[in-house]
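Working notes for the structure below.
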Amino acid sequence: MGGLRCAEALRRFGYSGPITVIGDEPWAPYNRPPLSKEVLAAEVSHSAVAFEKRSSVADVNWVLGTKATSLDTEQNTITDSDGQVHQYSALVIATGLRPKRLAVHNYDLANRFALRTLDDAIALREQLQPGKNVVIVGGGFIGCEVAATATKLGCNVTVIHNASAPMLKPLGTELANQMQLRHEAMGVRFLLKRSVEDLVGTSHVTAVKIDDGSTIECDVLVEAIGSHPNVEWLSNNKIDRNDGVLVDSAMRVTRKDDSRITNVFAIGDVARFVNPIFDFEPRRVEHWNMPTETAKRAASVIAAMLNHGDNYPGILDEDFRPVPSFWSDQYDNHLLAFGLLGLADRVSMVAGEISGECVFEYHRGNQLVGVCGIGMRSVVQGYRSKFI
Amino acid sequence: MIKIEVDMTKCQHYGQCVFEAPNIFRLNSDDKLEYTAEADDSERANVEAAVDVCPMQAIRIVE
């Protein structure tokens with residue numbers, strides 16, 4: 001997604017030279033959010049989730065099913081998994097995330113799933129049959145969305161989560177507890193402040209051992225315990241890749257000595273950057289609108305640089321303060337949020353009713369850092385301008 | 001002129017498009033999306049940005 005959006009934006013900003021996009025998945029870029037919902041619930045194909053191909057990027061060279069395996073910032077080359085070497089004038093790192101997996105001794109058992117790619121979703125979909133015991137490890141947004149979809153499909157769903165409520169870190173106690181109640185009303189069982197000790201089975205998972213000593217039956221295991229940034233291939237370039245790739249406000253990659261690599265950029269989930277809306281702490285933001293926002297910012301700088309435009313280097317100093325936004329659909333509960341909710345030390349309901357539609361404000365000290373609602377979208381939307 | 005199409009079977013009324021192209025998209029008093037199906041060429045960049053930010057990828061510019 002970041003790669004596609006960056007290519008489109010490069011054309012829009014007037015760069016007309018060659019563009020190559022290398023991607024490890026066999027599919028052309030597609031929209032991931034439906035993977036935990038529509039794609040799990042029905043026979044949805046790639047074409048239903050693929051991004052539309054715009055004529056402006058018809059001449060982009062797509063190298064799909066191929067991984068970038070190493071980078072040489074002295075020679076300005078990257079090498080891919082087919083051994084092909086690609087020379088670049090400007091490079092955009094948009095390698096995203098991969099799911100974390102449980103550290104268990106019998107890791108090669110079948111019926112273990114994670115959800116990141118279209119192929120992951122198709123594989124899991126085949127297993128979500130009515131009556132199956134589905135155990136989801138991790139009660140974050142992905143885990144809860146899968147729980148909702150699997151429940152609707154008639155599965156018996158248990159969520160094992162290490163905190164005292166699902167989605168606790170982003171939502172705060174009151175809203176997280178409310179979402180838990182709504183899941184439980186649909187039949188989901190939560191094992192909270194618990195973790196997985198071990199898996200039981202010989203060829204495939206048949207049960208899960210919990211750290212309280214109990215064992216629960218399991219036909220399908222879904223691991224939704226967070227993700228790792230894909231940065232290993234960037235080694236030997238002195239890049240600061242402690243939790244993603246550190247970039248400046250122009251999305252330019254930063255070395256460990258704080259110098260910039262002026263023709264290497266990082267965007268999307270893998271990029272760690274300062275957002276002055278909130279503070280001066282660089283963070284990775286795994287929200288859906290970030291690949292698009294960071295791609296456009298990087299493309300504006302790259303086009304100015306490669307076209308030797310009058311606006312370069314002035315464009316480097318432009319502010320970059322995108323408003324993070326996310327949403328989540330679980331049953332008929334439509335969550336919509338702006339800001340970085342996880343920064344808050346104080347959460348308060350400001351509109352609606354807790355048992356129905358409601359809106360919460362998230363504050364850090366006196367600073368508003370986020371807003372989240374179940375329903376009441378006009379109210380939630382009214383807050384967006386407060387962050388700009 | 002550009003023609004705009006929203007697949008209302010996909011649209012979940014998140015209203016992200018409203019921020020990018022406020023002359024074209026709006027939420028009504030029931031929080032449902034309403035839009036203008038035809039617009040001047042000068043709106044193209046805004047509508048393309050709205051296409052990009054639609055979580056459900058429900059918006060199309062009909063060429």
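Ligands are numbered from 1 in the order shown, residues from 1 within each chain, and chains are lettered A, B, ... in the order they appear in the structure tokens.
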Compute the chain A side of the contact with chain B at 10 Å, counting only C-alpha atoms, and hand it back as a ChimeraX atom specification.
/A:5,12,30-34,48-52,288-290,292-293,325-327,329,334-336,375-379,381,384-385
What would the file look like if the residues just selected were written as a compact mmCIF listing (two decimals), in the first residue's frame with N, CA and C atoms?
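Output below, filename part.txt:
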```txt
# COMPACT_ATOMS: atom_id res chain seq x y z
N ARG A 5 1.00 3.97 -3.02
CA ARG A 5 0.64 5.36 -2.76
C ARG A 5 1.81 6.28 -3.05
N ARG A 12 2.09 12.47 -9.27
CA ARG A 12 1.32 13.68 -9.04
C ARG A 12 2.24 14.88 -8.80
N TYR A 30 -3.21 -4.51 -1.95
CA TYR A 30 -4.62 -4.65 -1.60
C TYR A 30 -4.85 -4.06 -0.22
N ASN A 31 -6.10 -3.89 0.12
CA ASN A 31 -6.51 -3.26 1.36
C ASN A 31 -6.59 -4.31 2.47
N ARG A 32 -5.82 -4.13 3.55
CA ARG A 32 -5.76 -5.18 4.57
C ARG A 32 -6.94 -5.22 5.56
N PRO A 33 -7.55 -4.08 5.91
CA PRO A 33 -8.59 -4.16 6.95
C PRO A 33 -9.68 -5.21 6.71
N PRO A 34 -10.15 -5.44 5.47
CA PRO A 34 -11.18 -6.47 5.30
C PRO A 34 -10.70 -7.89 5.62
N ALA A 48 -11.50 -8.25 -5.07
CA ALA A 48 -12.44 -7.50 -4.24
C ALA A 48 -11.73 -6.57 -3.27
N VAL A 49 -10.48 -6.87 -2.93
CA VAL A 49 -9.76 -6.03 -1.96
C VAL A 49 -8.60 -5.26 -2.60
N ALA A 50 -8.30 -5.55 -3.88
CA ALA A 50 -7.17 -4.88 -4.54
C ALA A 50 -7.43 -3.39 -4.68
N PHE A 51 -6.37 -2.59 -4.55
CA PHE A 51 -6.49 -1.17 -4.83
C PHE A 51 -6.65 -0.98 -6.33
N GLU A 52 -7.44 0.02 -6.67
CA GLU A 52 -7.65 0.33 -8.09
C GLU A 52 -6.32 0.75 -8.73
N TRP A 288 -4.02 2.71 9.83
CA TRP A 288 -4.20 2.48 8.40
C TRP A 288 -3.89 3.71 7.56
N ASN A 289 -4.12 4.90 8.07
CA ASN A 289 -3.92 6.09 7.23
C ASN A 289 -2.45 6.53 7.16
N MET A 290 -1.57 5.89 7.95
CA MET A 290 -0.17 6.34 7.98
C MET A 290 0.62 6.01 6.71
N THR A 292 -0.38 6.03 3.68
CA THR A 292 -0.76 7.03 2.68
C THR A 292 -0.16 8.39 3.03
N GLU A 293 -0.27 8.80 4.28
CA GLU A 293 0.25 10.11 4.71
C GLU A 293 1.76 10.19 4.54
N SER A 325 -5.55 8.16 12.57
CA SER A 325 -6.96 7.83 12.63
C SER A 325 -7.12 6.32 12.49
N PHE A 326 -8.04 5.75 13.23
CA PHE A 326 -8.32 4.32 13.02
C PHE A 326 -9.78 4.04 13.27
N TRP A 327 -10.20 2.88 12.81
CA TRP A 327 -11.56 2.45 13.04
C TRP A 327 -11.52 0.94 13.23
N ASP A 329 -14.48 -2.49 13.28
CA ASP A 329 -15.85 -2.99 13.27
C ASP A 329 -15.90 -4.32 14.00
N HIS A 334 -19.24 0.11 15.77
CA HIS A 334 -18.32 0.77 14.84
C HIS A 334 -17.50 1.80 15.61
N LEU A 335 -16.25 1.45 15.87
CA LEU A 335 -15.36 2.36 16.59
C LEU A 335 -14.65 3.26 15.60
N LEU A 336 -14.56 4.52 15.93
CA LEU A 336 -13.81 5.48 15.12
C LEU A 336 -13.00 6.34 16.07
N GLY A 375 -20.04 4.48 17.37
CA GLY A 375 -21.08 5.26 16.68
C GLY A 375 -20.81 6.74 16.84
N MET A 376 -21.84 7.58 16.80
CA MET A 376 -21.75 9.04 16.98
C MET A 376 -20.61 9.66 16.16
N ARG A 377 -20.59 9.31 14.89
CA ARG A 377 -19.44 9.71 14.07
C ARG A 377 -19.30 11.20 13.88
N SER A 378 -20.42 11.90 13.77
CA SER A 378 -20.32 13.36 13.56
C SER A 378 -19.62 14.00 14.76
N VAL A 379 -19.93 13.51 15.95
CA VAL A 379 -19.29 14.06 17.15
C VAL A 379 -17.80 13.77 17.13
N GLN A 381 -15.93 13.11 14.56
CA GLN A 381 -15.31 13.87 13.47
C GLN A 381 -15.08 15.32 13.83
N ARG A 384 -11.59 16.21 14.97
CA ARG A 384 -10.37 16.06 14.16
C ARG A 384 -9.64 17.38 14.01
N SER A 385 -10.41 18.46 13.84
CA SER A 385 -9.77 19.77 13.61
C SER A 385 -8.98 20.23 14.84
```
For Ile78 (chain A), list every protein, DNA or RNA residue within 10 Å, evaluated using only C-alpha atoms, and leave out those in the same chain fewer than 3 positions away; present the list as a list in words.
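Listing them by chain and then by number gives Ala68, Thr69, Ser70, Leu71, Asp72, Thr73, Gln75, Gly83, Gln84, Val85, His86, Gln87, Tyr88, Leu91, Trp233 and Leu234 of chain A.
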Could you pull out the residues in region 64-312 of chain A that DSSP calls strand (DSSP E) from the backbone, as a PDB file with C-alpha atoms, in the first residue's frame?
```pdb
ATOM      1  CA  LEU A  64       6.159  -9.162  -7.005  1.00  0.00           C
ATOM      2  CA  ALA A  68      14.394  -7.150  -0.856  1.00  0.00           C
ATOM      3  CA  THR A  69      17.223  -8.942   0.943  1.00  0.00           C
ATOM      4  CA  SER A  70      20.021  -6.400   1.323  1.00  0.00           C
ATOM      5  CA  LEU A  71      20.813  -2.725   0.968  1.00  0.00           C
ATOM      6  CA  ASP A  72      24.073  -0.941   0.180  1.00  0.00           C
ATOM      7  CA  THR A  77      21.842  -0.660  -4.694  1.00  0.00           C
ATOM      8  CA  ILE A  78      19.488  -3.214  -3.237  1.00  0.00           C
ATOM      9  CA  THR A  79      19.578  -6.948  -3.888  1.00  0.00           C
ATOM     10  CA  ASP A  80      16.405  -9.044  -4.074  1.00  0.00           C
ATOM     11  CA  VAL A  85      20.625  -6.016  -8.104  1.00  0.00           C
ATOM     12  CA  HIS A  86      18.607  -2.793  -8.443  1.00  0.00           C
ATOM     13  CA  GLN A  87      20.338   0.595  -8.712  1.00  0.00           C
ATOM     14  CA  LEU A  91      14.930   4.412  -2.284  1.00  0.00           C
ATOM     15  CA  VAL A  92      11.704   4.121  -0.265  1.00  0.00           C
ATOM     16  CA  ILE A  93      11.613   1.487   2.474  1.00  0.00           C
ATOM     17  CA  LEU A  97       5.453  -5.630   9.619  1.00  0.00           C
ATOM     18  CA  ARG A  98       5.173  -9.339  10.157  1.00  0.00           C
ATOM     19  CA  PRO A  99       3.172 -10.970  12.955  1.00  0.00           C
ATOM     20  CA  ARG A 112      -1.684 -22.303  13.952  1.00  0.00           C
ATOM     21  CA  PHE A 113      -2.569 -19.074  12.185  1.00  0.00           C
ATOM     22  CA  ASN A 133     -13.153 -24.349  19.082  1.00  0.00           C
ATOM     23  CA  VAL A 134     -11.226 -21.249  18.082  1.00  0.00           C
ATOM     24  CA  VAL A 135      -8.627 -19.960  20.523  1.00  0.00           C
ATOM     25  CA  ILE A 136      -7.318 -16.452  19.871  1.00  0.00           C
ATOM     26  CA  VAL A 137      -4.158 -15.414  21.666  1.00  0.00           C
ATOM     27  CA  ASN A 156     -16.830 -21.277  19.908  1.00  0.00           C
ATOM     28  CA  VAL A 157     -14.373 -18.488  20.586  1.00  0.00           C
ATOM     29  CA  THR A 158     -11.988 -18.025  23.510  1.00  0.00           C
ATOM     30  CA  VAL A 159      -9.659 -15.020  23.709  1.00  0.00           C
ATOM     31  CA  ILE A 160      -6.542 -15.275  25.878  1.00  0.00           C
ATOM     32  CA  HIS A 161      -5.201 -11.824  26.713  1.00  0.00           C
ATOM     33  CA  ARG A 189     -15.118 -16.160  26.429  1.00  0.00           C
ATOM     34  CA  PHE A 190     -12.163 -14.134  27.769  1.00  0.00           C
ATOM     35  CA  LEU A 191      -9.255 -15.496  29.790  1.00  0.00           C
ATOM     36  CA  LEU A 192      -7.667 -12.278  31.053  1.00  0.00           C
ATOM     37  CA  VAL A 196      -0.105 -19.455  26.781  1.00  0.00           C
ATOM     38  CA  GLU A 197       2.357 -21.817  28.404  1.00  0.00           C
ATOM     39  CA  ASP A 198       2.414 -24.518  25.746  1.00  0.00           C
ATOM     40  CA  LEU A 199       0.540 -26.174  22.893  1.00  0.00           C
ATOM     41  CA  VAL A 200      -0.783 -29.738  23.042  1.00  0.00           C
ATOM     42  CA  ALA A 207      -5.410 -27.946  23.151  1.00  0.00           C
ATOM     43  CA  VAL A 208      -3.670 -24.957  24.709  1.00  0.00           C
ATOM     44  CA  LYS A 209      -2.061 -24.933  28.157  1.00  0.00           C
ATOM     45  CA  ILE A 210      -2.635 -21.695  30.060  1.00  0.00           C
ATOM     46  CA  THR A 215      -5.935 -26.643  29.498  1.00  0.00           C
ATOM     47  CA  ILE A 216      -8.557 -25.649  26.933  1.00  0.00           C
ATOM     48  CA  GLU A 217      -9.605 -27.496  23.800  1.00  0.00           C
ATOM     49  CA  VAL A 220      -7.925 -23.523  15.459  1.00  0.00           C
ATOM     50  CA  LEU A 221      -5.279 -21.320  17.074  1.00  0.00           C
ATOM     51  CA  VAL A 222      -5.014 -17.666  16.024  1.00  0.00           C
ATOM     52  CA  GLU A 223      -1.951 -15.752  17.202  1.00  0.00           C
ATOM     53  CA  SER A 227       4.105  -7.513  15.068  1.00  0.00           C
ATOM     54  CA  HIS A 228       7.777  -7.011  14.242  1.00  0.00           C
ATOM     55  CA  PRO A 229       8.992  -4.341  11.800  1.00  0.00           C
ATOM     56  CA  VAL A 245      13.484   2.812  10.924  1.00  0.00           C
ATOM     57  CA  LEU A 246      14.074   6.267  12.412  1.00  0.00           C
ATOM     58  CA  ARG A 252      14.633  10.524   5.352  1.00  0.00           C
ATOM     59  CA  VAL A 253      16.367   7.632   7.076  1.00  0.00           C
ATOM     60  CA  THR A 254      18.577   8.507  10.042  1.00  0.00           C
ATOM     61  CA  ARG A 260      20.701  11.517   7.328  1.00  0.00           C
ATOM     62  CA  ILE A 261      20.895   9.294   4.286  1.00  0.00           C
ATOM     63  CA  THR A 262      19.488  11.937   1.953  1.00  0.00           C
ATOM     64  CA  ASN A 263      18.203   9.594  -0.780  1.00  0.00           C
ATOM     65  CA  VAL A 264      16.780   6.791   1.405  1.00  0.00           C
ATOM     66  CA  PHE A 265      13.290   7.172   2.868  1.00  0.00           C
ATOM     67  CA  ALA A 266      11.021   5.023   5.048  1.00  0.00           C
ATOM     68  CA  ALA A 271       8.813   4.298   9.872  1.00  0.00           C
ATOM     69  CA  ARG A 272       9.455   5.834  13.303  1.00  0.00           C
ATOM     70  CA  PHE A 273       8.993   9.595  13.264  1.00  0.00           C
ATOM     71  CA  ARG A 283       7.084   6.609  17.240  1.00  0.00           C
ATOM     72  CA  ARG A 284       5.885   4.026  14.781  1.00  0.00           C
TER      73      ARG A 284
END
```
As a VMD selection string, please: the residues near region 342-357 of chain A (cut-off 10 Å, only C-alpha atoms, same-chain neighbours under 4 positions excluded).
chain A and resid 168 to 175 178 to 179 181 to 182 278 333 to 335 361 to 377 379 to 380
Could you tell me how far CA of Leu115 (chain A) lies from CA of Val44 (chain A), in Å and to one decimal?
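CA of Val44 (chain A) lies at a distance of 15.4 Å from CA of Leu115 (chain A).
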